[in-house]
>>> print(open('final.txt').read())   # compact mmCIF, C-alpha atoms
# COMPACT_ATOMS: atom_id res chain seq x y z
CA MET U 144 -16.52 -40.72 55.61
CA GLY U 145 -16.37 -39.52 52.02
CA LEU U 146 -18.81 -42.23 50.99
CA ALA U 147 -21.14 -41.33 53.89
CA LEU U 148 -21.06 -37.68 52.77
CA LEU U 149 -21.73 -38.61 49.16
CA THR U 150 -24.56 -40.96 50.15
CA ALA U 151 -26.14 -38.21 52.28
CA LYS U 152 -26.65 -36.18 49.09
CA ARG U 153 -29.34 -38.68 48.06
CA SER U 154 -31.60 -37.64 50.94
CA GLN U 155 -34.69 -35.63 50.07
CA ASP U 156 -34.72 -33.98 53.51
CA PRO U 157 -34.61 -30.22 52.87
CA ASN U 158 -33.00 -29.51 56.26
CA THR U 159 -30.65 -32.30 57.30
CA GLN U 160 -29.10 -34.78 54.89
CA VAL U 161 -27.41 -37.62 56.76
CA GLY U 162 -25.33 -40.48 55.39
CA ALA U 163 -23.84 -43.64 56.87
CA CYS U 164 -21.31 -46.16 55.63
CA ILE U 165 -20.49 -49.47 57.35
CA VAL U 166 -17.10 -51.07 56.75
CA ASN U 167 -15.73 -54.37 57.97
CA GLN U 168 -12.33 -54.90 59.62
CA GLU U 169 -10.68 -54.93 56.18
CA LYS U 170 -12.27 -51.51 55.42
CA LYS U 171 -14.51 -53.04 52.76
CA VAL U 172 -17.92 -51.39 52.45
CA VAL U 173 -20.73 -53.69 53.58
CA GLY U 174 -23.61 -51.18 53.75
CA VAL U 175 -24.54 -47.57 53.03
CA GLY U 176 -27.65 -45.56 53.82
CA TYR U 177 -29.13 -42.09 54.04
CA ASN U 178 -32.13 -40.60 55.81
CA LYS U 179 -35.29 -41.21 53.79
CA MET U 180 -38.93 -42.07 54.09
CA PRO U 181 -39.92 -45.77 54.06
CA ASN U 182 -39.99 -47.38 50.63
CA GLY U 183 -43.21 -46.64 48.78
CA CYS U 184 -44.08 -43.70 51.06
CA GLU U 185 -41.58 -41.16 49.77
CA ASP U 186 -44.12 -38.91 48.07
CA GLU U 187 -46.84 -39.20 50.70
CA LEU U 188 -45.11 -38.24 53.96
CA PRO U 189 -44.09 -34.76 55.15
CA TRP U 190 -40.57 -33.39 55.55
CA ALA U 191 -41.79 -30.57 57.82
CA ARG U 192 -40.27 -30.26 61.29
CA ASP U 193 -42.11 -27.39 63.00
CA ASP U 194 -45.79 -28.15 62.45
CA PRO U 195 -47.80 -28.11 65.71
CA ASP U 196 -49.33 -31.47 64.74
CA PRO U 197 -46.67 -34.19 65.18
CA LEU U 198 -48.32 -36.23 62.41
CA ASN U 199 -47.38 -33.49 59.95
CA ASN U 200 -43.67 -33.63 60.84
CA LYS U 201 -40.99 -35.96 59.55
CA TYR U 202 -39.89 -37.34 62.92
CA LEU U 203 -42.49 -40.08 63.23
CA TYR U 204 -41.79 -41.39 59.73
CA VAL U 205 -38.20 -40.94 58.56
CA CYS U 206 -35.80 -43.89 58.45
CA HIS U 207 -32.38 -42.74 59.59
CA ALA U 208 -29.18 -43.30 57.65
CA GLU U 209 -27.80 -45.80 60.19
CA LEU U 210 -30.95 -47.93 60.02
CA ASN U 211 -30.82 -47.92 56.23
CA ALA U 212 -27.10 -48.80 56.17
CA ILE U 213 -27.75 -51.75 58.48
CA VAL U 214 -30.75 -52.92 56.42
CA ASN U 215 -28.78 -52.46 53.19
CA SER U 216 -25.93 -54.65 54.51
CA ARG U 217 -28.18 -57.64 53.68
CA GLY U 218 -26.68 -60.72 55.19
CA HIS U 219 -23.28 -59.34 56.09
CA ASP U 220 -22.18 -60.05 59.62
CA LEU U 221 -21.70 -56.61 61.18
CA LYS U 222 -19.86 -57.85 64.26
CA GLY U 223 -16.62 -55.89 64.58
CA CYS U 224 -17.56 -53.41 61.85
CA SER U 225 -17.22 -49.63 61.99
CA ILE U 226 -19.96 -47.21 60.98
CA TYR U 227 -19.09 -43.79 59.57
CA VAL U 228 -21.93 -41.30 60.04
CA THR U 229 -22.18 -37.66 59.11
CA LEU U 230 -24.25 -36.94 62.25
CA PHE U 231 -23.86 -38.57 65.68
CA PRO U 232 -26.47 -41.37 65.99
CA CYS U 233 -29.71 -40.87 67.89
CA ASN U 234 -30.68 -43.21 70.70
CA GLU U 235 -32.79 -45.45 68.44
CA CYS U 236 -30.01 -45.90 65.88
CA THR U 237 -27.52 -46.49 68.68
CA LYS U 238 -29.63 -49.44 69.84
CA LEU U 239 -29.43 -50.91 66.31
CA ILE U 240 -25.68 -50.31 66.19
CA ILE U 241 -25.19 -52.11 69.50
CA GLN U 242 -27.54 -54.99 68.69
CA ASN U 243 -25.77 -55.64 65.36
CA GLY U 244 -22.32 -55.90 66.94
CA ILE U 245 -20.81 -52.77 65.39
CA THR U 246 -17.81 -51.83 67.53
CA GLU U 247 -16.89 -48.32 66.36
CA VAL U 248 -18.84 -45.17 65.49
CA VAL U 249 -16.95 -42.49 63.55
CA TYR U 250 -18.91 -39.26 63.26
CA LEU U 251 -18.48 -35.90 61.58
CA SER U 252 -21.01 -33.71 63.42
CA ASP U 253 -22.39 -33.71 66.95
CA LYS U 254 -24.76 -30.77 66.59
CA TYR U 255 -27.37 -32.30 68.92
CA LYS U 256 -24.86 -33.16 71.67
CA ASP U 257 -26.92 -31.49 74.42
CA THR U 258 -30.18 -33.32 73.64
CA PRO U 259 -31.41 -36.21 75.80
CA ALA U 260 -31.33 -38.55 72.77
CA THR U 261 -27.64 -37.92 72.10
CA ILE U 262 -26.72 -38.05 75.78
CA ALA U 263 -28.53 -41.42 76.01
CA SER U 264 -26.70 -42.59 72.87
CA LYS U 265 -23.32 -41.79 74.36
CA ARG U 266 -24.27 -43.50 77.61
CA MET U 267 -25.31 -46.69 75.77
CA LEU U 268 -22.21 -46.71 73.57
CA GLY U 269 -20.01 -46.36 76.65
CA LEU U 270 -21.78 -49.13 78.53
CA ALA U 271 -21.55 -51.41 75.47
CA GLY U 272 -17.83 -50.68 75.06
CA ILE U 273 -18.27 -49.18 71.62
CA LYS U 274 -15.70 -46.61 70.63
CA SER U 275 -16.97 -43.29 69.27
CA VAL U 276 -14.53 -41.12 67.37
CA PHE U 277 -15.00 -37.57 66.14
CA MET U 278 -13.51 -37.19 62.67
CA ASP U 279 -12.00 -33.75 62.48
CA MET U 280 -12.06 -32.83 58.80
CA PRO U 281 -9.25 -30.35 58.11
CA ASN U 282 -10.85 -28.93 54.96
CA GLU U 283 -14.56 -28.58 54.17
CA ASN U 284 -13.81 -29.18 50.49
CA LEU U 285 -11.75 -32.31 51.03
CA LEU U 286 -14.06 -34.38 48.84
CA GLU U 287 -14.18 -33.19 45.26
CA ILE U 288 -15.60 -35.34 42.49
CA ASP U 289 -15.12 -34.58 38.82
CA PHE U 290 -18.10 -35.75 36.77
CA THR U 291 -16.56 -34.81 33.42
CA PRO U 292 -17.13 -37.73 31.02
CA ILE U 293 -14.06 -39.73 30.10
CA GLN U 294 -13.06 -39.01 26.50
>>> encode(input="final.txt", output="structure tokens")
Amino acid sequence: MGLALLTAKRSQDPNTQVGACIVNQEKKVVGVGYNKMPNGCEDELPWARDDPDPLNNKYLYVCHAELNAIVNSRGHDLKGCSIYVTLFPCNECTKLIIQNGITEVVYLSDKYKDTPATIASKRMLGLAGIKSVFMDMPNENLLEIDFTPIQ
């Protein structure tokens, strides 16, 4: 989860930075991703979320962290892998998780738990037999990285 949190920091989304990390059965990292605009479109698409015109909001354009982690796994077989995500996956990402054979979703936040997309996600995960686990972090400052240069 620490790597998912660190990866989330790369997101340019001013409201919600999300990260994902896929590990195989040996806990080796096979893919990481964060929410971002499609390659080559980063500077041209909006990060707004409340504009009355849907074409001026991020939702039709942004690539979610889970999608990017799966794409970035390039050639790794994801069957039996676990995905660590900082935010519970939406219904679209859940479809990708299921179709790629990932068998466990470990998540840090479920802030959209009452939305139809999250309810649908949980339904699909249950039907597919994929375990979802809330990771209860005991300390918000558990991850601390010292960037002091080595002397």
>>> residues_around(input="final.txt", residues="stretch 244-251 of chain U", least_positions_apart="6", cutoff="7 Å", atoms="all atoms listed in the file", output="list in words")
Leu221, Lys222, Gly223, Cys224, Ser225, Ile226, Tyr227, Val228, Thr229, Leu230, Phe231, Ile273, Lys274, Ser275, Val276, Phe277, Met278 and Asp279 of chain U
>>> axis_aligned_box(input="final.txt", around="stretch 165-174 of chain U", padding_each_side="4 Å", output="AutoDock Vina command-line options")
--center_x -17.1 --center_y -52.2 --center_z 56.0 --size_x 20.9 --size_y 13.5 --size_z 15.2
>>> atom_distance(input="final.txt", atom1="atom CA of U:Met180", atom2="atom CA of U:Val205")
4.7 Å
>>> closest_residue(input="final.txt", among="U:Gly176, U:Gln168, U:Pro181, U:His219", to="U:Leu203", atoms="all atoms listed in the file")
U:Pro181
>>> residues_around(input="final.txt", residues="U:Ile213", least_positions_apart="4", cutoff="12 Å", atoms="only C-alpha atoms", output="ChimeraX atom specification")
/U:162-166,172-177,206-209,217-222,224-227,236-245
>>> closest_residue(input="final.txt", among="U:Asn167, U:Leu148, U:Gly269, U:Pro232", to="U:Lys256", atoms="all atoms listed in the file")
U:Pro232
>>> closest_residue(input="final.txt", among="U:Pro157, U:Pro281, U:Asn234, U:Gly272", to="U:Ala260", atoms="all atoms listed in the file")
U:Asn234
>>> residues_around(input="final.txt", residues="stretch 198-202 of chain U", least_positions_apart="4", cutoff="10 Å", atoms="only C-alpha atoms", output="PDB file with C-alpha atoms, in the coordinates of the input")
ATOM      1  CA  ASP U 156     -34.720 -33.980  53.510  1.00  0.00           C
ATOM      2  CA  LYS U 179     -35.290 -41.210  53.790  1.00  0.00           C
ATOM      3  CA  MET U 180     -38.930 -42.070  54.090  1.00  0.00           C
ATOM      4  CA  LEU U 188     -45.110 -38.240  53.960  1.00  0.00           C
ATOM      5  CA  PRO U 189     -44.090 -34.760  55.150  1.00  0.00           C
ATOM      6  CA  TRP U 190     -40.570 -33.390  55.550  1.00  0.00           C
ATOM      7  CA  ALA U 191     -41.790 -30.570  57.820  1.00  0.00           C
ATOM      8  CA  ARG U 192     -40.270 -30.260  61.290  1.00  0.00           C
ATOM      9  CA  ASP U 193     -42.110 -27.390  63.000  1.00  0.00           C
ATOM     10  CA  ASP U 194     -45.790 -28.150  62.450  1.00  0.00           C
ATOM     11  CA  CYS U 206     -35.800 -43.890  58.450  1.00  0.00           C
ATOM     12  CA  HIS U 207     -32.380 -42.740  59.590  1.00  0.00           C
TER      13      HIS U 207
END
>>> build_atoms(input="final.txt", residues="stretch 234-266 of chain U", atoms="N, CA and C atoms", output="short mmCIF file (atom, residue, chain, number, x, y, z; two decimals), in the coordinates of the input")
data_model
loop_
_atom_site.label_atom_id
_atom_site.label_comp_id
_atom_site.auth_asym_id
_atom_site.auth_seq_id
_atom_site.Cartn_x
_atom_site.Cartn_y
_atom_site.Cartn_z
N ASN U 234 -30.57 -42.07 69.80
CA ASN U 234 -30.68 -43.21 70.70
C ASN U 234 -31.25 -44.45 70.02
N GLU U 235 -32.20 -44.29 69.11
CA GLU U 235 -32.79 -45.45 68.44
C GLU U 235 -31.77 -46.12 67.51
N CYS U 236 -31.03 -45.33 66.77
CA CYS U 236 -30.01 -45.90 65.88
C CYS U 236 -28.87 -46.52 66.68
N THR U 237 -28.57 -45.93 67.82
CA THR U 237 -27.52 -46.49 68.68
C THR U 237 -27.90 -47.89 69.14
N LYS U 238 -29.17 -48.10 69.45
CA LYS U 238 -29.63 -49.44 69.84
C LYS U 238 -29.38 -50.44 68.70
N LEU U 239 -29.67 -50.03 67.47
CA LEU U 239 -29.43 -50.91 66.31
C LEU U 239 -27.95 -51.19 66.13
N ILE U 240 -27.14 -50.16 66.31
CA ILE U 240 -25.68 -50.31 66.19
C ILE U 240 -25.18 -51.33 67.20
N ILE U 241 -25.61 -51.19 68.44
CA ILE U 241 -25.19 -52.11 69.50
C ILE U 241 -25.68 -53.53 69.21
N GLN U 242 -26.95 -53.67 68.89
CA GLN U 242 -27.54 -54.99 68.69
C GLN U 242 -26.94 -55.73 67.50
N ASN U 243 -26.37 -55.01 66.54
CA ASN U 243 -25.77 -55.64 65.36
C ASN U 243 -24.28 -55.90 65.53
N GLY U 244 -23.71 -55.56 66.67
CA GLY U 244 -22.32 -55.90 66.94
C GLY U 244 -21.30 -54.94 66.36
N ILE U 245 -21.73 -53.78 65.90
CA ILE U 245 -20.81 -52.77 65.39
C ILE U 245 -19.99 -52.27 66.58
N THR U 246 -18.68 -52.14 66.40
CA THR U 246 -17.81 -51.83 67.53
C THR U 246 -17.19 -50.43 67.50
N GLU U 247 -17.45 -49.67 66.44
CA GLU U 247 -16.89 -48.32 66.36
C GLU U 247 -17.85 -47.41 65.60
N VAL U 248 -18.04 -46.21 66.14
CA VAL U 248 -18.84 -45.17 65.49
C VAL U 248 -17.91 -43.99 65.21
N VAL U 249 -17.75 -43.65 63.94
CA VAL U 249 -16.95 -42.49 63.55
C VAL U 249 -17.93 -41.45 63.03
N TYR U 250 -17.90 -40.26 63.60
CA TYR U 250 -18.91 -39.26 63.26
C TYR U 250 -18.25 -37.93 62.89
N LEU U 251 -18.97 -37.17 62.09
CA LEU U 251 -18.48 -35.90 61.58
C LEU U 251 -19.06 -34.71 62.32
N SER U 252 -20.33 -34.81 62.75
CA SER U 252 -21.01 -33.71 63.42
C SER U 252 -21.70 -34.23 64.68
N ASP U 253 -21.71 -33.39 65.70
CA ASP U 253 -22.39 -33.71 66.95
C ASP U 253 -23.27 -32.53 67.34
N LYS U 254 -24.02 -32.01 66.36
CA LYS U 254 -24.76 -30.77 66.59
C LYS U 254 -25.90 -30.90 67.59
N TYR U 255 -26.31 -32.11 67.92
CA TYR U 255 -27.37 -32.30 68.92
C TYR U 255 -26.81 -32.85 70.23
N LYS U 256 -25.55 -32.56 70.51
CA LYS U 256 -24.86 -33.16 71.67
C LYS U 256 -25.53 -32.89 73.01
N ASP U 257 -26.29 -31.83 73.14
CA ASP U 257 -26.92 -31.49 74.42
C ASP U 257 -28.35 -32.02 74.55
N THR U 258 -28.82 -32.79 73.57
CA THR U 258 -30.18 -33.32 73.64
C THR U 258 -30.19 -34.63 74.41
N PRO U 259 -31.31 -34.94 75.06
CA PRO U 259 -31.41 -36.21 75.80
C PRO U 259 -31.12 -37.43 74.92
N ALA U 260 -31.55 -37.40 73.65
CA ALA U 260 -31.33 -38.55 72.77
C ALA U 260 -29.84 -38.80 72.54
N THR U 261 -29.07 -37.75 72.33
CA THR U 261 -27.64 -37.92 72.10
C THR U 261 -26.91 -38.29 73.39
N ILE U 262 -27.32 -37.70 74.48
CA ILE U 262 -26.72 -38.05 75.78
C ILE U 262 -26.98 -39.53 76.07
N ALA U 263 -28.20 -40.00 75.81
CA ALA U 263 -28.53 -41.42 76.01
C ALA U 263 -27.70 -42.29 75.07
N SER U 264 -27.51 -41.84 73.83
CA SER U 264 -26.70 -42.59 72.87
C SER U 264 -25.29 -42.79 73.38
N LYS U 265 -24.70 -41.71 73.86
CA LYS U 265 -23.32 -41.79 74.36
C LYS U 265 -23.22 -42.69 75.58
N ARG U 266 -24.25 -42.63 76.44
CA ARG U 266 -24.27 -43.50 77.61
C ARG U 266 -24.31 -44.97 77.18
#
